[in-house]
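Next up, run01.cif (mmCIF, C-alpha atoms):
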```
data_coords
#
loop_
_atom_site.label_atom_id
_atom_site.label_comp_id
_atom_site.auth_asym_id
_atom_site.auth_seq_id
_atom_site.Cartn_x
_atom_site.Cartn_y
_atom_site.Cartn_z
CA MET M 1 10.51 24.01 0.60
CA LYS M 2 11.98 24.33 -2.89
CA LYS M 3 13.78 27.59 -3.59
CA ARG M 4 11.36 28.76 -6.24
CA MET M 5 8.47 28.20 -3.83
CA ALA M 6 10.26 30.09 -1.09
CA ALA M 7 10.88 33.01 -3.41
CA VAL M 8 7.25 33.21 -4.43
CA ILE M 9 6.03 33.00 -0.87
CA THR M 10 8.47 35.58 0.41
CA ALA M 11 7.35 37.99 -2.27
CA ALA M 12 3.62 37.51 -2.35
CA ALA M 13 1.41 34.69 -1.17
CA ALA M 14 2.45 32.51 1.73
CA LEU M 15 0.14 29.55 1.89
CA CYS M 16 -1.03 27.85 5.05
CA ALA M 17 2.08 27.30 7.16
CA CYS M 18 4.38 29.21 4.92
CA GLY M 19 3.49 32.84 5.67
CA THR M 20 1.00 35.61 4.91
CA VAL M 21 0.14 37.72 1.91
CA ARG M 22 1.70 41.16 1.70
CA LYS M 23 -0.32 44.00 0.18
CA SER M 24 1.20 45.82 -2.77
CA SER M 25 0.68 49.22 -4.31
CA ILE M 26 1.00 47.79 -7.81
CA LYS M 27 -2.19 47.89 -9.86
CA GLU M 28 -3.16 45.32 -12.43
CA GLU M 29 -5.66 44.88 -15.21
CA ILE M 30 -6.65 41.53 -16.65
CA SER M 31 -7.13 41.71 -20.39
CA SER M 32 -10.44 40.34 -21.61
CA GLY M 33 -8.73 38.44 -24.39
CA GLY M 34 -6.77 35.77 -22.55
CA GLY M 35 -6.36 36.63 -18.90
CA GLU M 36 -2.87 38.03 -19.42
CA VAL M 37 -1.58 40.46 -16.83
CA SER M 38 -0.65 44.06 -17.59
CA SER M 39 0.66 46.10 -14.68
CA VAL M 40 1.53 49.62 -13.68
CA ARG M 41 4.62 49.18 -11.55
CA ASP M 42 6.20 51.27 -8.83
CA GLU M 43 9.35 50.51 -6.88
CA SER M 44 7.74 47.61 -5.00
CA PRO M 45 8.60 43.95 -5.73
CA ALA M 46 7.03 42.22 -8.73
CA VAL M 47 3.61 41.64 -7.25
CA THR M 48 0.33 42.35 -9.01
CA VAL M 49 -3.05 43.16 -7.56
CA THR M 50 -6.51 42.70 -9.05
CA ASN M 51 -9.53 43.82 -7.05
CA GLU M 52 -7.35 43.62 -3.93
CA VAL M 53 -6.39 39.99 -4.62
CA SER M 54 -2.60 39.68 -4.58
CA VAL M 55 -0.96 37.53 -7.27
CA ARG M 56 2.40 37.40 -9.01
CA ALA M 57 2.71 37.41 -12.75
CA ASP M 58 5.46 34.76 -12.49
CA MET M 59 3.75 32.55 -9.90
CA PRO M 60 3.61 28.81 -10.54
CA ARG M 61 0.28 27.87 -12.06
CA HIS M 62 -1.08 26.34 -8.83
CA LEU M 63 -0.59 29.68 -7.02
CA THR M 64 -2.13 31.93 -9.68
CA GLN M 65 -5.63 33.01 -8.61
CA GLU M 66 -7.33 34.13 -11.83
CA GLN M 67 -10.03 36.68 -11.17
CA GLU M 68 -12.63 34.77 -13.16
CA ILE M 69 -12.10 31.67 -11.03
CA LEU M 70 -12.23 33.65 -7.81
CA GLU M 71 -15.47 35.37 -8.79
CA LYS M 72 -17.14 32.08 -9.68
CA ALA M 73 -15.81 30.39 -6.56
CA GLY M 74 -16.90 33.15 -4.20
CA GLU M 75 -13.90 35.46 -4.02
CA ARG M 76 -15.05 36.59 -0.58
CA PHE M 77 -13.94 33.31 1.02
CA TYR M 78 -10.46 33.64 -0.41
CA LEU M 79 -10.18 37.22 0.87
CA LEU M 80 -11.49 36.27 4.32
CA THR M 81 -8.38 34.15 4.85
CA ASP M 82 -6.20 37.17 3.97
CA SER M 83 -5.53 35.44 0.64
CA ARG M 84 -3.55 32.70 2.34
CA TYR M 85 -5.36 29.69 0.88
CA PRO M 86 -5.74 29.15 -2.87
CA VAL M 87 -9.00 28.27 -4.56
CA TYR M 88 -8.61 25.14 -6.68
CA THR M 89 -10.42 23.64 -9.62
CA ASN M 90 -9.76 20.08 -10.81
CA THR M 91 -10.69 18.58 -7.45
CA GLU M 92 -13.19 15.78 -6.93
CA VAL M 93 -14.95 15.79 -3.55
CA SER M 94 -16.87 12.93 -1.93
CA TYR M 95 -19.03 13.38 1.16
CA TYR M 96 -19.36 10.78 3.91
CA PRO M 97 -22.42 11.26 6.16
CA THR M 98 -21.26 8.92 8.95
CA GLY M 99 -18.06 7.92 10.66
CA GLU M 100 -18.56 4.38 9.43
CA ARG M 101 -18.66 5.46 5.79
CA PHE M 102 -15.59 7.64 6.31
CA TYR M 103 -13.71 4.77 7.95
CA GLU M 104 -14.46 2.39 5.06
CA ALA M 105 -13.17 4.95 2.55
CA LEU M 106 -10.10 5.76 4.67
CA ILE M 107 -9.10 2.09 4.95
CA ARG M 108 -9.57 1.62 1.21
CA GLU M 109 -7.39 4.63 0.35
CA LEU M 110 -4.72 3.82 2.94
CA ALA M 111 -4.41 0.32 1.49
CA ALA M 112 -3.74 1.84 -1.94
CA ALA M 113 -0.97 4.19 -0.71
CA GLU M 114 2.28 3.93 -2.68
CA ASP M 115 4.47 6.77 -1.44
CA PHE M 116 3.46 8.41 1.86
CA ILE M 117 0.67 8.75 4.43
CA PHE M 118 0.33 11.78 6.70
CA MET M 119 -2.25 11.70 9.53
CA GLU M 120 -3.11 14.48 12.00
CA TYR M 121 -5.80 13.88 14.63
CA PHE M 122 -6.96 15.42 17.87
CA ILE M 123 -7.90 12.06 19.40
CA VAL M 124 -6.27 8.72 18.65
CA LYS M 125 -7.43 5.98 21.05
CA ASP M 126 -6.81 2.27 21.28
CA GLY M 127 -9.67 0.22 19.93
CA GLU M 128 -11.10 -1.46 16.88
CA MET M 129 -10.81 1.62 14.67
CA LEU M 130 -7.15 2.22 15.46
CA ASP M 131 -6.36 -1.51 15.17
CA GLY M 132 -7.82 -1.58 11.67
CA ILE M 133 -5.81 1.48 10.65
CA LEU M 134 -2.59 0.10 12.15
CA ASP M 135 -3.00 -3.17 10.29
CA VAL M 136 -3.11 -1.29 6.99
CA LEU M 137 -0.32 1.12 7.95
CA CYS M 138 2.01 -1.71 8.92
CA GLU M 139 1.32 -3.53 5.64
CA ARG M 140 2.02 -0.36 3.65
CA MET M 141 5.19 0.43 5.64
CA ASP M 142 6.45 -3.07 4.81
CA ALA M 143 5.96 -2.09 1.18
CA GLY M 144 8.10 1.02 1.64
CA VAL M 145 5.42 3.65 2.28
CA GLU M 146 6.43 6.49 4.62
CA VAL M 147 3.97 7.14 7.48
CA ARG M 148 3.90 10.22 9.69
CA MET M 149 1.39 10.97 12.43
CA ILE M 150 0.66 14.04 14.55
CA CYS M 151 -1.43 13.67 17.73
CA ASP M 152 -2.52 16.35 20.12
CA GLY M 153 -0.25 16.44 23.15
CA LEU M 154 -3.03 16.91 25.69
CA GLN M 155 -5.20 14.05 24.46
CA GLN M 156 -2.28 11.65 23.89
CA ASN M 157 0.95 11.20 25.84
CA ASP M 158 4.58 10.30 25.24
CA ALA M 159 3.94 6.61 25.90
CA PHE M 160 1.34 6.52 23.12
CA CYS M 161 3.74 8.26 20.77
CA GLU M 162 6.45 5.71 21.57
CA GLU M 163 3.99 2.90 20.89
CA MET M 164 3.28 4.32 17.44
CA ARG M 165 7.02 4.57 16.78
CA SER M 166 7.42 0.92 17.72
CA TYR M 167 5.30 0.09 14.66
CA GLY M 168 7.57 2.22 12.47
CA ILE M 169 5.34 5.31 12.37
CA ASP M 170 7.16 8.64 12.64
CA CYS M 171 4.88 10.04 15.36
CA ARG M 172 4.96 13.46 17.03
CA LEU M 173 2.86 15.06 19.73
CA TYR M 174 1.75 18.63 19.16
CA ARG M 175 2.56 20.71 22.22
CA GLU M 176 3.48 24.32 22.66
CA PRO M 177 7.17 24.16 23.60
CA ASP M 178 6.86 26.08 26.86
CA ARG M 179 3.77 24.44 28.32
CA VAL M 180 0.94 21.97 28.00
CA SER M 181 -2.25 23.99 28.04
CA ILE M 182 -5.94 23.25 27.70
CA ASN M 183 -5.84 25.92 24.99
CA GLU M 184 -3.89 25.96 21.71
CA ARG M 185 -4.78 22.35 20.97
CA ASP M 186 -4.38 20.63 17.62
CA HIS M 187 -8.06 19.91 16.94
CA ARG M 188 -7.57 19.06 13.24
CA LYS M 189 -8.68 15.82 11.60
CA LEU M 190 -6.66 15.34 8.44
CA THR M 191 -5.16 12.54 6.34
CA VAL M 192 -3.08 13.04 3.18
CA ILE M 193 -2.19 10.04 0.99
CA ASP M 194 0.48 10.26 -1.72
CA GLY M 195 -0.32 13.96 -2.21
CA LYS M 196 -3.26 12.85 -4.34
CA THR M 197 -6.02 12.19 -1.81
CA ALA M 198 -6.97 13.93 1.44
CA PHE M 199 -9.63 13.41 4.10
CA MET M 200 -10.97 16.14 6.37
CA GLY M 201 -13.94 16.46 8.73
CA GLY M 202 -15.12 15.82 12.26
CA VAL M 203 -14.11 12.18 12.71
CA ASN M 204 -11.30 11.30 15.11
CA ILE M 205 -9.71 7.86 15.50
CA SER M 206 -11.71 6.36 18.34
CA ASP M 207 -14.39 3.69 18.49
CA GLU M 208 -17.34 5.94 19.35
CA TYR M 209 -16.90 7.70 16.00
CA ILE M 210 -17.81 4.49 14.17
CA ASN M 211 -20.35 3.37 16.81
CA VAL M 212 -18.36 0.37 18.03
CA THR M 213 -18.95 1.91 21.45
CA SER M 214 -21.91 4.15 22.28
CA PRO M 215 -21.24 6.35 25.31
CA TYR M 216 -23.68 9.02 24.05
CA GLY M 217 -26.16 7.03 22.02
CA ARG M 218 -25.59 6.88 18.27
CA TRP M 219 -22.70 9.06 17.14
CA LYS M 220 -23.25 10.92 13.88
CA ASP M 221 -20.36 12.60 12.12
CA ALA M 222 -19.27 13.68 8.65
CA ALA M 223 -16.15 13.94 6.51
CA ILE M 224 -15.06 14.69 2.97
CA GLN M 225 -12.50 13.15 0.67
CA MET M 226 -10.67 15.39 -1.81
CA ARG M 227 -8.86 14.04 -4.84
CA GLY M 228 -6.99 16.44 -7.10
CA ASP M 229 -5.29 19.82 -6.99
CA ALA M 230 -6.68 20.98 -3.62
CA VAL M 231 -4.77 18.21 -1.84
CA ARG M 232 -1.70 20.43 -2.16
CA SER M 233 -3.01 22.78 0.53
CA CYS M 234 -3.81 19.80 2.75
CA THR M 235 -0.17 18.69 2.53
CA GLU M 236 0.93 22.17 3.58
CA LEU M 237 -1.55 22.20 6.46
CA PHE M 238 0.01 18.98 7.75
CA PHE M 239 3.53 20.37 7.61
CA GLU M 240 2.37 23.54 9.33
CA GLN M 241 2.09 21.43 12.47
CA TRP M 242 4.81 18.94 11.73
CA ASP M 243 7.59 21.51 11.77
CA ARG M 244 5.95 24.51 13.40
CA GLY M 245 8.13 27.59 13.59
CA ALA M 246 10.79 26.19 11.26
CA GLU M 247 11.51 26.78 7.61
CA LEU M 248 9.35 24.27 5.77
CA ASP M 249 11.90 23.14 3.19
CA VAL M 250 11.05 19.58 4.23
CA CYS M 251 7.59 19.75 2.64
CA GLY M 252 8.76 20.79 -0.82
CA GLU M 253 9.42 17.29 -2.11
CA TYR M 254 5.82 16.29 -1.30
CA LEU M 255 3.99 19.24 -2.85
CA ASP M 256 4.35 18.32 -6.50
CA LYS M 257 2.74 14.90 -6.08
CA THR M 258 -0.73 16.32 -6.65
CA GLU M 259 -2.58 15.25 -9.77
CA PRO M 260 -5.64 17.08 -11.18
CA ALA M 261 -9.01 15.34 -11.19
CA ALA M 262 -11.77 15.95 -13.69
CA ALA M 263 -14.45 17.65 -11.59
CA GLU M 264 -16.66 20.72 -11.55
CA GLY M 265 -16.63 23.45 -8.93
CA TYR M 266 -14.11 25.10 -6.66
CA VAL M 267 -12.45 23.90 -3.47
CA MET M 268 -10.57 25.96 -0.87
CA PRO M 269 -9.02 24.02 2.03
CA TYR M 270 -8.18 26.38 4.87
CA GLY M 271 -6.71 26.35 8.35
CA GLU M 272 -7.27 28.15 11.63
CA SER M 273 -4.55 28.98 14.14
CA PRO M 274 -4.64 30.66 17.55
CA PHE M 275 -1.43 32.51 16.71
CA ASP M 276 -2.11 34.15 13.33
CA ASN M 277 -4.35 37.03 14.48
CA GLU M 278 -6.91 35.94 11.87
CA ASP M 279 -10.43 34.60 12.45
CA ALA M 280 -10.75 32.86 9.10
CA ALA M 281 -13.08 30.06 10.18
CA ARG M 282 -15.48 32.37 12.03
CA ASP M 283 -15.47 34.84 9.14
CA ILE M 284 -16.20 32.09 6.61
CA TYR M 285 -19.13 30.86 8.72
CA LEU M 286 -20.46 34.41 9.02
CA GLU M 287 -20.13 34.96 5.27
CA ILE M 288 -22.18 31.85 4.54
CA MET M 289 -24.83 32.93 7.06
CA ASN M 290 -25.01 36.50 5.81
CA GLY M 291 -25.02 35.48 2.15
CA ALA M 292 -27.78 32.86 2.39
CA GLU M 293 -30.83 33.66 0.27
CA ASP M 294 -32.91 30.48 0.08
CA TYR M 295 -31.77 28.11 2.81
CA LEU M 296 -29.04 27.69 5.41
CA TYR M 297 -28.54 24.27 7.02
CA ILE M 298 -26.10 23.78 9.91
CA THR M 299 -25.08 20.90 12.16
CA ALA M 300 -23.35 21.98 15.37
CA PRO M 301 -22.33 19.74 18.27
CA TYR M 302 -21.43 22.75 20.41
CA LEU M 303 -23.32 26.04 20.37
CA ASN M 304 -21.29 28.60 22.29
CA ILE M 305 -21.75 31.62 20.02
CA ASP M 306 -21.16 35.32 20.47
CA ASP M 307 -23.72 38.04 19.72
CA GLU M 308 -22.53 38.62 16.15
CA VAL M 309 -22.84 34.95 15.20
CA GLU M 310 -26.22 34.66 16.91
CA ASP M 311 -27.39 37.81 15.12
CA ALA M 312 -26.30 36.36 11.76
CA ILE M 313 -28.23 33.12 12.28
CA CYS M 314 -31.34 34.93 13.49
CA SER M 315 -31.16 37.61 10.80
CA ALA M 316 -31.09 34.95 8.09
CA ALA M 317 -34.32 33.44 9.43
CA GLU M 318 -35.92 36.86 9.88
CA ARG M 319 -35.29 37.81 6.24
CA GLY M 320 -37.04 34.67 5.04
CA VAL M 321 -34.20 32.18 4.67
CA GLU M 322 -35.08 28.64 5.77
CA VAL M 323 -32.62 28.11 8.61
CA ILE M 324 -32.24 24.58 10.00
CA LEU M 325 -29.87 24.05 12.90
CA ILE M 326 -29.32 20.52 14.26
CA VAL M 327 -27.79 20.05 17.71
CA PRO M 328 -27.23 16.91 19.81
CA GLY M 329 -30.05 15.14 21.60
CA ILE M 330 -27.58 13.50 24.01
CA PRO M 331 -24.67 15.84 24.81
CA ASP M 332 -21.16 14.57 25.45
CA LYS M 333 -20.43 17.54 27.73
CA LEU M 334 -23.16 18.77 30.05
CA TYR M 335 -21.70 22.26 30.40
CA MET M 336 -21.79 22.70 26.62
CA GLU M 337 -25.45 21.64 26.64
CA ILE M 338 -26.21 24.31 29.24
CA LEU M 339 -24.43 26.96 27.21
CA ALA M 340 -26.27 25.92 24.06
CA ARG M 341 -29.64 26.20 25.79
CA THR M 342 -28.98 29.86 26.60
CA HIS M 343 -29.43 30.52 22.84
CA TYR M 344 -32.51 28.40 22.18
CA GLU M 345 -35.21 30.97 22.92
CA ARG M 346 -33.91 33.73 20.68
CA LEU M 347 -33.14 31.32 17.85
CA VAL M 348 -36.62 29.79 17.94
CA LEU M 349 -38.42 33.13 18.27
CA SER M 350 -36.47 34.43 15.26
CA GLY M 351 -37.80 31.61 13.12
CA VAL M 352 -34.81 29.25 13.19
CA LYS M 353 -35.89 25.62 12.90
CA LEU M 354 -33.90 24.17 15.77
CA TYR M 355 -33.74 20.39 15.96
CA ARG M 356 -32.29 17.96 18.46
CA TYR M 357 -30.80 14.74 17.10
CA THR M 358 -32.69 12.28 19.29
CA PRO M 359 -30.67 9.05 18.74
CA GLY M 360 -27.58 10.54 20.36
CA PHE M 361 -24.73 12.91 19.65
CA ILE M 362 -24.22 14.72 16.34
CA HIS M 363 -20.58 15.74 16.03
CA SER M 364 -20.47 16.88 12.39
CA LYS M 365 -19.53 20.48 11.66
CA VAL M 366 -21.32 21.21 8.40
CA PHE M 367 -22.75 24.31 6.68
CA VAL M 368 -24.61 24.15 3.37
CA SER M 369 -26.53 26.94 1.65
CA ASP M 370 -28.50 27.63 -1.52
CA ASP M 371 -27.31 24.50 -3.40
CA ARG M 372 -24.09 26.38 -4.09
CA VAL M 373 -21.77 26.60 -1.10
CA ALA M 374 -20.83 24.32 1.79
CA THR M 375 -18.05 23.85 4.29
CA VAL M 376 -17.03 20.70 6.16
CA GLY M 377 -14.23 20.41 8.68
CA SER M 378 -13.20 20.26 12.33
CA ILE M 379 -14.45 23.74 13.29
CA ASN M 380 -17.18 23.99 15.92
CA LEU M 381 -19.53 26.91 16.51
CA ASN M 382 -17.72 27.86 19.69
CA SER M 383 -14.92 30.06 20.94
CA ARG M 384 -12.37 27.24 21.17
CA SER M 385 -12.51 26.56 17.46
CA PHE M 386 -12.65 30.23 16.50
CA TYR M 387 -9.83 31.51 18.69
CA ARG M 388 -8.05 28.83 20.73
CA ASP M 389 -7.29 25.74 18.65
CA PHE M 390 -5.75 24.66 15.36
CA GLU M 391 -8.51 23.68 12.95
CA CYS M 392 -9.06 22.85 9.31
CA GLY M 393 -11.92 22.85 6.84
CA ALA M 394 -12.75 23.23 3.17
CA VAL M 395 -15.10 25.63 1.40
CA LEU M 396 -16.90 23.96 -1.50
CA THR M 397 -18.51 26.08 -4.22
CA ASP M 398 -20.58 24.58 -7.05
CA VAL M 399 -19.21 21.14 -6.18
CA LYS M 400 -21.35 18.14 -7.06
CA CYS M 401 -21.39 16.63 -3.55
CA ILE M 402 -23.16 19.71 -2.14
CA ALA M 403 -26.37 17.92 -3.12
CA ASP M 404 -25.29 14.97 -0.95
CA ILE M 405 -24.62 17.25 2.02
CA LYS M 406 -28.04 18.84 1.71
CA ALA M 407 -29.74 15.46 1.36
CA ASP M 408 -27.94 14.14 4.45
CA ILE M 409 -29.18 17.00 6.61
CA LEU M 410 -32.74 16.65 5.36
CA ASP M 411 -32.63 12.87 5.93
CA THR M 412 -31.29 13.44 9.44
CA LEU M 413 -34.39 15.48 10.30
CA ASP M 414 -36.35 12.21 10.32
CA GLU M 415 -34.46 11.34 13.51
CA CYS M 416 -34.80 14.75 15.12
CA VAL M 417 -37.35 16.55 17.24
CA LEU M 418 -38.19 20.20 16.62
CA VAL M 419 -37.54 22.59 19.47
CA THR M 420 -40.46 25.01 19.83
CA GLU M 421 -41.21 27.85 22.18
CA ASP M 422 -43.51 25.51 24.10
CA ASN M 423 -40.99 22.75 24.70
CA ILE M 424 -37.91 24.80 25.58
CA ILE M 425 -36.87 23.81 29.09
CA PRO M 426 -35.81 26.97 30.96
CA LEU M 427 -32.48 26.92 32.75
CA SER M 428 -32.71 26.46 36.46
CA PRO M 429 -31.14 29.18 38.67
CA ALA M 430 -28.17 26.91 39.29
CA GLU M 431 -27.78 26.29 35.54
CA GLU M 432 -27.96 30.00 34.80
CA ILE M 433 -25.14 30.65 37.25
CA ARG M 434 -23.10 27.83 35.79
CA ALA M 435 -23.70 29.07 32.23
CA ALA M 436 -22.57 32.57 33.17
CA MET M 437 -19.43 31.22 34.79
CA MET M 438 -18.59 29.03 31.83
CA ALA M 439 -19.25 31.85 29.34
CA ASN M 440 -16.71 33.96 31.21
CA LEU M 441 -14.19 31.15 30.86
CA GLU M 442 -14.52 30.96 27.08
CA GLY M 443 -10.77 30.64 26.70
CA SER M 444 -10.81 27.22 28.33
CA MET M 445 -13.97 25.81 26.80
#
```

I'd like the structure from this file rewritten - as structure tokens, please.
Amino acid sequence: MKKRMAAVITAAAALCACGTVRKSSIKEEISSGGGEVSSVRDESPAVTVTNEVSVRADMPRHLTQEQEILEKAGERFYLLTDSRYPVYTNTEVSYYPTGERFYEALIRELAAAEDFIFMEYFIVKDGEMLDGILDVLCERMDAGVEVRMICDGLQQNDAFCEEMRSYGIDCRLYREPDRVSINERDHRKLTVIDGKTAFMGGVNISDEYINVTSPYGRWKDAAIQMRGDAVRSCTELFFEQWDRGAELDVCGEYLDKTEPAAAEGYVMPYGESPFDNEDAARDIYLEIMNGAEDYLYITAPYLNIDDEVEDAICSAAERGVEVILIVPGIPDKLYMEILARTHYERLVLSGVKLYRYTPGFIHSKVFVSDDRVATVGSINLNSRSFYRDFECGAVLTDVKCIADIKADILDTLDECVLVTEDNIIPLSPAEEIRAAMMANLEGSM
């Protein structure tokens, strides 16, 4: 990364792959006149602190987290990531309620690429979806566009990676260097185009995600497209995996490609790692649950939750919040269905409106609350996403497309059946034993 970026990060606020924030004993006051910083300094480096949010007076503009912005955006989300991920304005967000809609937008944006395309996906399988993407990538590479791709090393193999290289794609498999494990997987779904546009969500590159094939009935998923300043963090998230463990000087030339977009609201892309000793994704989910006042709508393909998360969902319903939770009608993994059913009774008795998506499998990982905050990404409500895998998502505050997310969930209810106390199917003795065994193996689920 550029020297000035490295200096800033070393001193104060390492973003995404580039480090962690260091606390400082320096105190700061923001003047009411123009947001200028006045500080009482000790012998520590030139770092300033406002309400426990670390910033540098000489940070580049994109790193400066003004207190007014943080308060409006929901400062708590920024702090829950240990101040690692900036909150951005000037970012336009579009919401795609199906894999098909996402795919159409992705193809359109890939075809317009002029400089580079970075793609990072947990699953990349041969089929119609990949063929369509490869056609566009090859056309853009012929025009001089650089293409890099990261695939998970458990889902894909070396032969697949070599095939991608044969097209001219600089492809890498993510694997821990000392082993290939069922844990520590790269579960992210991320595309960055020219540093100006980024896609993030639940959709992998495989035909079931766009319903070309239907192994589990109709597949419903969701994704977002970001255009503007927040794409910068998405570029850094990609390079976090591309050159893991190394100095990320290589990403510096790509970071300044971002261009602001005229849009309201605040956007905070964030990542999750099994190695950073932080539970950012889980904490963000809990904060949305605990902060809900009017409604809390969730879609969750996998429901393997601990007591604290279950308490938060139930407590929201018990204090009068309308809580809607949509789970699959046709599971893709039977053991995950059994684990989910262990939570049904308490959720329903607490007043949670639990729905099953009857046409098939709902794979979207979406939270939306109170017409003000939402998050969309790759992060499931289970232990794998919270503790074991690399993930990514974005917190949206006061962003226009929050209305679209809410409308999508309410529209989806037309294809769902409500789970009530009367229609809960109890686990059989064999299922109870299996659920207990799988719960004890949470590290490999």

Please, which residues are within 12 Å of (-7.4, 20.9, -9.2) by the file's coordinates, counting all atoms listed in the file, and could they come as a ChimeraX atom specification? /M:61-63,69,86-93,196-197,226-233,258-269

Might you spell out which residues the PyMOL selection byres ((chain M and resi 402) around 9) would select in the displayed file, as a list of chain:residue names?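 Applied to this file, the PyMOL selection byres ((chain M and resi 402) around 9) selects M:Tyr95, M:Val368, M:Ser369, M:Asp371, M:Arg372, M:Val373, M:Ala374, M:Leu396, M:Thr397, M:Asp398, M:Val399, M:Lys400, M:Cys401, M:Ala403, M:Asp404, M:Ile405, M:Lys406, M:Ala407.
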
Can I get the selected residues back with C-alpha atoms, as an mmCIF file, in the coordinates of the input?
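Printed below is out-v2.cif as written:
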```
data_model
loop_
_atom_site.group_PDB
_atom_site.id
_atom_site.type_symbol
_atom_site.label_atom_id
_atom_site.label_comp_id
_atom_site.auth_asym_id
_atom_site.auth_seq_id
_atom_site.Cartn_x
_atom_site.Cartn_y
_atom_site.Cartn_z
ATOM 1 C CA TYR M 95 -19.030 13.380 1.160
ATOM 2 C CA VAL M 368 -24.610 24.150 3.370
ATOM 3 C CA SER M 369 -26.530 26.940 1.650
ATOM 4 C CA ASP M 371 -27.310 24.500 -3.400
ATOM 5 C CA ARG M 372 -24.090 26.380 -4.090
ATOM 6 C CA VAL M 373 -21.770 26.600 -1.100
ATOM 7 C CA ALA M 374 -20.830 24.320 1.790
ATOM 8 C CA LEU M 396 -16.900 23.960 -1.500
ATOM 9 C CA THR M 397 -18.510 26.080 -4.220
ATOM 10 C CA ASP M 398 -20.580 24.580 -7.050
ATOM 11 C CA VAL M 399 -19.210 21.140 -6.180
ATOM 12 C CA LYS M 400 -21.350 18.140 -7.060
ATOM 13 C CA CYS M 401 -21.390 16.630 -3.550
ATOM 14 C CA ALA M 403 -26.370 17.920 -3.120
ATOM 15 C CA ASP M 404 -25.290 14.970 -0.950
ATOM 16 C CA ILE M 405 -24.620 17.250 2.020
ATOM 17 C CA LYS M 406 -28.040 18.840 1.710
ATOM 18 C CA ALA M 407 -29.740 15.460 1.360
#
```

Closest atom pairs, residues of segment 226-326 of chain M within 6 Å of segment 348-351 of chain M, all atoms listed in the file, as a tab-separated table:
```
residue	atom	partner	partner_atom	distance
M:Cys314	CA	M:Ser350	CA	5.4
M:Ala317	CA	M:Gly351	CA	5.4
M:Glu318	CA	M:Ser350	CA	5.9
```

Please indicate the distance in Å from atom CA of Trp219 of chain M to atom CA of Thr375 of chain M, rounded to one decimal place. 20.1 Å

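You can rank M:Tyr103, M:Phe390, M:Tyr355, M:Tyr297 by their closest distance to Tyr270 of chain M using only C-alpha atoms, and at the top of that list sits M:Phe390.
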
Convert the output of the PyMOL selection byres ((chain M and resi 222) around 8) on the shown file into explicit residues, formatted as a count of residues only. 18

Sort by chain and increasing residue number a table of all residues of segment 266-363 of chain M within 10 Å of segment 410-428 of chain M, each with its closest pair of atoms and their distance in Å to one decimal, counting all atoms listed in the file, and write it as CSV.
```
residue,atom,partner,partner_atom,distance
M:Tyr297,CA,M:Leu410,CA,8.9
M:Ile324,CA,M:Leu410,CA,9.2
M:Leu325,CA,M:Leu418,CA,9.9
M:Ile326,CA,M:Cys416,CA,8.0
M:Val327,CA,M:Cys416,CA,9.2
M:Pro328,CA,M:Cys416,CA,9.2
M:Gly329,CA,M:Cys416,CA,8.0
M:Ile338,CA,M:Leu427,CA,7.6
M:Leu339,CA,M:Leu427,CA,9.8
M:Arg341,CA,M:Leu427,CA,7.6
M:Thr342,CA,M:Leu427,CA,7.7
M:Tyr344,CA,M:Ile424,CA,7.3
M:Glu345,CA,M:Glu421,CA,6.8
M:Arg346,CA,M:Glu421,CA,9.5
M:Leu347,CA,M:Glu421,CA,9.8
M:Val348,CA,M:Thr420,CA,6.4
M:Leu349,CA,M:Glu421,CA,7.1
M:Gly351,CA,M:Thr420,CA,9.8
M:Val352,CA,M:Val419,CA,9.6
M:Lys353,CA,M:Leu418,CA,7.0
M:Leu354,CA,M:Val419,CA,5.4
M:Tyr355,CA,M:Leu418,CA,4.5
M:Arg356,CA,M:Cys416,CA,5.3
M:Tyr357,CA,M:Cys416,CA,4.5
M:Thr358,CA,M:Cys416,CA,5.3
M:Pro359,CA,M:Glu415,CA,6.9
M:Gly360,CA,M:Glu415,CA,9.7
M:Ile362,CA,M:Thr412,CA,10.0
```

With distances taken over only C-alpha atoms, which of M:Asp207, M:Asp186, M:Asp294, M:Asp279 is nearest to Asp126 of chain M? M:Asp207

Hey, can you check how far atom CA of Val321 of chain M sits from atom CA of Glu293 of chain M?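 Pair atom CA of Val321 of chain M / atom CA of Glu293 of chain M returns 5.7 Å.
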
Residues selected by the PyMOL selection byres ((chain M and resi 111-122) around 7), written as a list in words: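 Given this file, the PyMOL selection byres ((chain M and resi 111-122) around 7) evaluates to Ile107, Arg108, Glu109, Leu110, Ile123, Val124, Val136, Arg140, Val145, Glu146, Val147, Arg148, Met149, Ile150, Cys151, Asp152, Gln155, Asp186, His187, Arg188, Lys189, Leu190, Thr191, Val192, Ile193, Asp194, Asn204 and Phe238 of chain M.
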
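Atom CA of Gly144 of chain M sits 27.4 Å away from atom CA of Arg101 of chain M.
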
Residue nearest Glu272 of chain M among M:Thr235, M:Thr81, M:Asn304, M:Asn290 (counting all atoms listed in the file):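 Going through M:Thr235, M:Thr81, M:Asn304, M:Asn290 one by one, the smallest distance to Glu272 of chain M is for M:Thr81.
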
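Using all atoms listed in the file, the shortest contact distance between Leu137 of chain M and any of M:Ala439, M:Ala340, M:Ile169, M:Ile313 is found at M:Ile169.
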
With 6 Å added on each side, what axis-aligned box encloses every listed atom of segment 115-133 of chain M? Give the centre and edge lengths in Å to one decimal, as JSON.
```
{"center_x": -3.3, "center_y": 6.9, "center_z": 9.9, "size_x": 27.6, "size_y": 29.0, "size_z": 34.7}
```
